[in-house]
Amino acid sequence: MGNITQSDEIIIDGYIVKENLKEKVTLKIDTGFTGYDVAIPSNIAQKLRLNPSGYANFSTPSGNIPLATGNDAYLCLGTNKYGVTYVIHYGAYPLISNSFLKKISEIIIIDFTNYSVIIILK
């Protein structure tokens, strides 16, 4: 389940998990974010004790910056748990890539009248 914010962002509730650590998050769908499944803010990555395995360069309005990447986390949406690739970023919100949703969702229902999003997972 999710919502559409006042600023027309689509957000989805879920959990990011590593082993016995679990953090409830509200993820923003970022249609321009590609190459990784989720972008996790550094404060959440620290709480979960993520162990990034590499770095990748990302273009930002301030220029190119290297960000830590890894795959030792899971994303829980509803009752489903998915192993994810991630990038640790310095923003305030977790992001979910549109390409990741395409891999896992059978159908996404967006109700702009009631500002709600329903994702029916495979």
# chains A, B, ... in the order shown; residues from 1 in each chain; ligands from 1
>>> residues_around(residues="region 2-16 of chain A", least_positions_apart="6", cutoff="12 Å", atoms="only C-alpha atoms", output="PyMOL selection string")
chain A and resi 22-31+37-41+44-45+47-50+71-86+93-98+101+108-120
>>> select_by_dssp(residues="region 9-41 of chain A", states="strand (DSSP E or B)", output="ChimeraX atom specification")
/A:10-18,21-30,38-41
>>> closest_atom_pairs(of="region 74-101 of chain A", to="region 57-69 of chain A", cutoff="7 Å", atoms="only C-alpha atoms", output="tab-separated table")
residue	atom	partner	partner_atom	distance
A:Tyr86	CA	A:Thr69	CA	5.6
A:Val87	CA	A:Thr69	CA	4.3
A:Ile88	CA	A:Ala68	CA	5.5
A:His89	CA	A:Leu67	CA	6.5
>>> atom_distance(atom1="CA of Gly32 (chain A)", atom2="CA of Phe100 (chain A)")
11.9 Å
>>> atom_distance(atom1="CA of Leu21 (chain A)", atom2="CA of Gln46 (chain A)")
10.9 Å
>>> atom_distance(atom1="CA of Tyr90 (chain A)", atom2="CA of Ile104 (chain A)")
26.3 Å
